[in-house]
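Structure first, then comments.
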Amino acid sequence: MATIMVQGTTSSAGKSMLCTALCRIFKEDKYSVFPFKSQNMSSKSYITSEGLEISTAQVLQAFAAQLEPSPNMNPILLKPTSDRKSQVFIKGKLYENMGAVEYFKFKNSLKSMIKETFDEAESQYDIVVIEGAGSPAEINLKQNDIVNMGMAEMADAPVLLVADIDRGGVFASLYGTVMLLEEEERKRVKGLVINKFRGDKSLLEPGIQMIEELLDIPVVGTIPYVHLELEDEDSLSDYEKECNNKKQDDSEKEEEIRKLARIVRENIDMDYIYSLLNK
């Protein structure tokens with residue numbers, strides 16, 4: 001019964017894929033593992049065998065964890081219908097079409113459902129891998145947060161913060177994100193992960209040393225940029241992947257997930273990750 005949470009400095013930093021990799025790594029290491037994202041906003045969704053609608057990211061993570069997709073993995077799904085409105089799905093069922101301000105006020109009433117759903121998963125699985133959304137430093141949205149640090153608090157989870165170096169400004173985004181958190185929230189961030197790195201890691205080392213000194217948080221992984229044929233639900237994905245245009249069979253998906261898990265395992269300090277789980 002352990003939890004770990006992955007948050008990002010931005011959308012498209014690599015949260016979903018890191019969670020997918022961790023689900024598979026923990027499964028390979030003989031643990032039962034359950035993916036969880038309290039709230040996901042995505043125009044793409046998946047309909048389960050029971051006719052319930054959840055996000056594609058948690059479906060991929062379920063595949064990595066070798067589980068059937070369940071609405072308990074993504075209890076709230078927001079599907080945009082315009083710039084200001086979204087369909088709100090709760091436990092896979094359409095609840096209402098809501099405006100952004102209306103939902104912002106409404107979401108606080110969902111905390112008990114989220115906590116109950118999470119507690120149930122935690123009681124049944126060895127490890128729950130929780131994914132955040134966007135950035136925890138969106139200070140205009142932090143009130144009554146249910147998906148980033150608010151979720152970390154509900155789950156009492158250690159947090160890995162992942163940043164995308166391919167877009168530039170990786171050290172500024174890590175530093176700025178951590179420093180915009182409340183002191184108690186900062187204490188939850190136990191490791192930094194630099195994602196989508198290209199080049200010679202030795203050139204990165206001075207920056208890693210400086211950010212570790214500035215934040216007193218270790219950089220526990222530098223994940224290389226790698227092309228994967230796994231569906232990316234994020235609107236900011238770098239390219240249109242082939243699998244968005246054709247049905248990907250399970251054997252192809254399995255091959256890509258194994259590749260992803262191997263790359264992450266080779267480039268992240270799994271001993272340190274396990275030490276966080278054992279506290």
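Ordered as shown in the structure tokens, chains take letters A, B, and onward, while each chain numbers its residues from 1 and ligands are numbered from 1 in the order shown.
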Counting only C-alpha atoms, which residues in range 36-132 of chain A sit no more than 12 Å from range 140-148 of chain A? For each one, give the nearest pair of atoms and the distance in Å, sorted by chain then residue number, as JSON lines.
```
{"residue": "A:Phe36", "atom": "CA", "partner": "A:Val147", "partner_atom": "CA", "distance": 10.2}
{"residue": "A:Lys37", "atom": "CA", "partner": "A:Val147", "partner_atom": "CA", "distance": 7.2}
{"residue": "A:Ser38", "atom": "CA", "partner": "A:Val147", "partner_atom": "CA", "distance": 5.7}
{"residue": "A:Gln39", "atom": "CA", "partner": "A:Val147", "partner_atom": "CA", "distance": 5.9}
{"residue": "A:Asn40", "atom": "CA", "partner": "A:Val147", "partner_atom": "CA", "distance": 8.4}
{"residue": "A:Met41", "atom": "CA", "partner": "A:Val147", "partner_atom": "CA", "distance": 10.9}
{"residue": "A:Asn74", "atom": "CA", "partner": "A:Val147", "partner_atom": "CA", "distance": 10.7}
{"residue": "A:Pro75", "atom": "CA", "partner": "A:Val147", "partner_atom": "CA", "distance": 11.0}
{"residue": "A:Ile76", "atom": "CA", "partner": "A:Val147", "partner_atom": "CA", "distance": 9.9}
{"residue": "A:Leu77", "atom": "CA", "partner": "A:Val147", "partner_atom": "CA", "distance": 11.6}
{"residue": "A:Ala100", "atom": "CA", "partner": "A:Leu141", "partner_atom": "CA", "distance": 11.1}
{"residue": "A:Val101", "atom": "CA", "partner": "A:Leu141", "partner_atom": "CA", "distance": 10.8}
{"residue": "A:Tyr103", "atom": "CA", "partner": "A:Asn144", "partner_atom": "CA", "distance": 11.7}
{"residue": "A:Phe104", "atom": "CA", "partner": "A:Leu141", "partner_atom": "CA", "distance": 8.4}
{"residue": "A:Lys105", "atom": "CA", "partner": "A:Asn144", "partner_atom": "CA", "distance": 8.9}
{"residue": "A:Phe106", "atom": "CA", "partner": "A:Asn144", "partner_atom": "CA", "distance": 10.1}
{"residue": "A:Lys107", "atom": "CA", "partner": "A:Ile146", "partner_atom": "CA", "distance": 7.7}
{"residue": "A:Asn108", "atom": "CA", "partner": "A:Asn144", "partner_atom": "CA", "distance": 6.0}
{"residue": "A:Ser109", "atom": "CA", "partner": "A:Asn144", "partner_atom": "CA", "distance": 9.7}
{"residue": "A:Leu110", "atom": "CA", "partner": "A:Ile146", "partner_atom": "CA", "distance": 8.4}
{"residue": "A:Lys111", "atom": "CA", "partner": "A:Ile146", "partner_atom": "CA", "distance": 6.7}
{"residue": "A:Ser112", "atom": "CA", "partner": "A:Ile146", "partner_atom": "CA", "distance": 10.2}
{"residue": "A:Met113", "atom": "CA", "partner": "A:Ile146", "partner_atom": "CA", "distance": 10.8}
{"residue": "A:Ile114", "atom": "CA", "partner": "A:Ile146", "partner_atom": "CA", "distance": 8.1}
{"residue": "A:Lys115", "atom": "CA", "partner": "A:Ile146", "partner_atom": "CA", "distance": 9.6}
{"residue": "A:Phe118", "atom": "CA", "partner": "A:Val147", "partner_atom": "CA", "distance": 11.9}
{"residue": "A:Ile130", "atom": "CA", "partner": "A:Val147", "partner_atom": "CA", "distance": 9.2}
{"residue": "A:Glu131", "atom": "CA", "partner": "A:Val147", "partner_atom": "CA", "distance": 8.0}
{"residue": "A:Gly132", "atom": "CA", "partner": "A:Asn148", "partner_atom": "CA", "distance": 4.9}
```
**Prompt:** Looking only at the backbone, which of the residues in range 69-242 of chain A does DSSP tag as alpha helix (DSSP H), as a ChimeraX atom specification?
**Reply:** /A:100-106,111-124,149-155,170-179,183-186,205-215
Can you tell me which residues surround range 178-182 of chain A at a distance of at most 10 Å, considering only C-alpha atoms, apart from same-chain residues fewer than 6 positions away, and format the answer as a short mmCIF file (atom, residue, chain, number, x, y, z; two decimals) with C-alpha atoms, in the first residue's frame?
```
data_model
loop_
_atom_site.label_atom_id
_atom_site.label_comp_id
_atom_site.auth_asym_id
_atom_site.auth_seq_id
_atom_site.Cartn_x
_atom_site.Cartn_y
_atom_site.Cartn_z
CA THR A 9 5.82 22.00 -14.79
CA PRO A 136 0.65 22.65 -9.72
CA ALA A 137 1.82 26.29 -9.90
CA GLU A 138 -1.23 27.63 -11.75
CA ILE A 139 -1.85 29.99 -8.84
CA LYS A 142 -5.04 26.47 -6.80
CA MET A 149 -1.12 19.28 -4.69
CA LEU A 161 8.10 16.88 -10.76
CA ALA A 172 13.60 28.04 -14.88
CA VAL A 189 8.33 17.31 -4.02
CA LEU A 215 15.92 23.75 -4.44
CA ILE A 217 15.62 18.46 -4.23
#
```
**Item:** 7 Å contact set for Gly134 in chain A, only C-alpha atoms, chain neighbours under 5 positions out, as a PyMOL selection string
**Value:** chain A and resi 8+10-11
Could those residues be written to a file, using all heavy atoms, as an mmCIF file, in the first residue's frame?
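Saved the output as out23.cif:
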```cif
data_model
loop_
_atom_site.group_PDB
_atom_site.id
_atom_site.type_symbol
_atom_site.label_atom_id
_atom_site.label_comp_id
_atom_site.auth_asym_id
_atom_site.auth_seq_id
_atom_site.Cartn_x
_atom_site.Cartn_y
_atom_site.Cartn_z
ATOM 1 N N GLY A 8 3.756 17.868 -13.313
ATOM 2 C CA GLY A 8 4.595 18.457 -14.351
ATOM 3 C C GLY A 8 4.671 19.963 -14.229
ATOM 4 O O GLY A 8 3.801 20.593 -13.635
ATOM 5 N N THR A 10 4.445 21.847 -16.805
ATOM 6 C CA THR A 10 3.531 22.330 -17.849
ATOM 7 C C THR A 10 2.705 21.153 -18.348
ATOM 8 O O THR A 10 3.011 19.995 -18.046
ATOM 9 C CB THR A 10 4.297 22.873 -19.078
ATOM 10 O OG1 THR A 10 5.102 21.797 -19.616
ATOM 11 C CG2 THR A 10 5.174 24.040 -18.745
ATOM 12 N N SER A 11 1.704 21.444 -19.156
ATOM 13 C CA SER A 11 1.086 20.391 -19.953
ATOM 14 C C SER A 11 2.131 19.873 -20.939
ATOM 15 O O SER A 11 3.029 20.609 -21.346
ATOM 16 C CB SER A 11 -0.112 20.941 -20.730
ATOM 17 O OG SER A 11 -1.148 21.300 -19.852
#
```
**Complete:** Closest of A:Ser49, A:Ser16, A:Asn278, A:Thr222 to Lys196 in chain A, counting only C-alpha atoms, is A:Thr222
**Request:** Give the strand (DSSP E) residues of range 40-144 of chain A, as assigned by DSSP on the backbone, as a count of residues only.
**Result:** 31
**Separation of CA of Thr117 in chain A from CA of Leu67 in chain A in Å** = 16.5 Å
Just want the 7 Å neighbourhood of range 252-267 of chain A, counted on only C-alpha atoms, with same-chain residues fewer than 5 positions away dropped. Output as a CSV table (one decimal) with C-alpha atoms, in the first residue's frame.
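See result-v7.csv below for the written result:
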```csv
chain,number,residue,atom,x,y,z
A,21,ALA,CA,6.4,3.6,-17.6
A,24,ARG,CA,4.9,-1.2,-16.2
A,25,ILE,CA,8.2,-1.1,-14.2
A,64,ALA,CA,0.9,-1.1,-18.8
A,221,GLY,CA,16.2,11.1,-13.8
A,222,THR,CA,17.1,12.5,-17.1
A,223,ILE,CA,15.0,10.8,-19.7
A,228,LEU,CA,7.1,6.2,-29.3
A,229,GLU,CA,4.0,5.1,-31.2
A,230,LEU,CA,1.8,5.5,-28.2
```
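Nearest residue to Ser55 in chain A, choosing from A:Pro69, A:Gly176, A:Pro224, A:Gly199 and counting only C-alpha atoms: A:Pro69.
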**Asked** Between A:Ser275, A:Gln58, A:Ser251, A:Ser123, which has the minimum distance to Tyr46 in chain A (counting only C-alpha atoms)?
**Response** A:Gln58
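Take CA of Gly51 in chain A and CA of Glu231 in chain A: the distance between them is 20.9 Å.
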**Request:** Please provide as a ChimeraX atom specification all residues within 9 Å of Asp126 in chain A, with the sequence filter that same-chain residues fewer than 5 positions apart are discarded (counting only C-alpha atoms).
**Result:** /A:1-3,31-34
Generate the output file for the selected residues, N, CA, C and O atoms, as an mmCIF file, in the first residue's frame.
```cif
data_model
loop_
_atom_site.group_PDB
_atom_site.id
_atom_site.type_symbol
_atom_site.label_atom_id
_atom_site.label_comp_id
_atom_site.auth_asym_id
_atom_site.auth_seq_id
_atom_site.Cartn_x
_atom_site.Cartn_y
_atom_site.Cartn_z
ATOM 1 N N MET A 1 0.835 -1.189 0.000
ATOM 2 C CA MET A 1 0.000 0.000 0.000
ATOM 3 C C MET A 1 0.877 1.249 0.000
ATOM 4 O O MET A 1 1.245 1.762 1.052
ATOM 5 N N ALA A 2 1.255 1.670 -1.183
ATOM 6 C CA ALA A 2 2.122 2.833 -1.322
ATOM 7 C C ALA A 2 1.641 3.649 -2.503
ATOM 8 O O ALA A 2 0.955 3.139 -3.388
ATOM 9 N N THR A 3 1.990 4.934 -2.483
ATOM 10 C CA THR A 3 1.588 5.810 -3.584
ATOM 11 C C THR A 3 2.773 6.649 -4.037
ATOM 12 O O THR A 3 3.679 6.954 -3.256
ATOM 13 N N TYR A 31 4.747 -6.188 -8.529
ATOM 14 C CA TYR A 31 3.773 -5.485 -7.683
ATOM 15 C C TYR A 31 2.460 -5.346 -8.437
ATOM 16 O O TYR A 31 2.452 -5.199 -9.666
ATOM 17 N N SER A 32 1.362 -5.346 -7.700
ATOM 18 C CA SER A 32 0.085 -4.959 -8.311
ATOM 19 C C SER A 32 0.026 -3.433 -8.266
ATOM 20 O O SER A 32 0.357 -2.820 -7.261
ATOM 21 N N VAL A 33 -0.356 -2.845 -9.391
ATOM 22 C CA VAL A 33 -0.259 -1.381 -9.503
ATOM 23 C C VAL A 33 -1.519 -0.832 -10.169
ATOM 24 O O VAL A 33 -2.081 -1.459 -11.075
ATOM 25 N N PHE A 34 -1.964 0.331 -9.686
ATOM 26 C CA PHE A 34 -3.216 0.931 -10.155
ATOM 27 C C PHE A 34 -2.957 2.375 -10.557
ATOM 28 O O PHE A 34 -2.462 3.171 -9.763
#
```
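You can rank A:Thr48, A:Gln87, A:Leu160, A:Glu212 by their closest distance to Glu68 in chain A using only C-alpha atoms, and at the top of that list sits A:Thr48.
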**Two-atom distance - CA of Lys190 in chain A, CA of Cys23 in chain A (Å)** =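 Distance between the two atoms: 18.7 Å.
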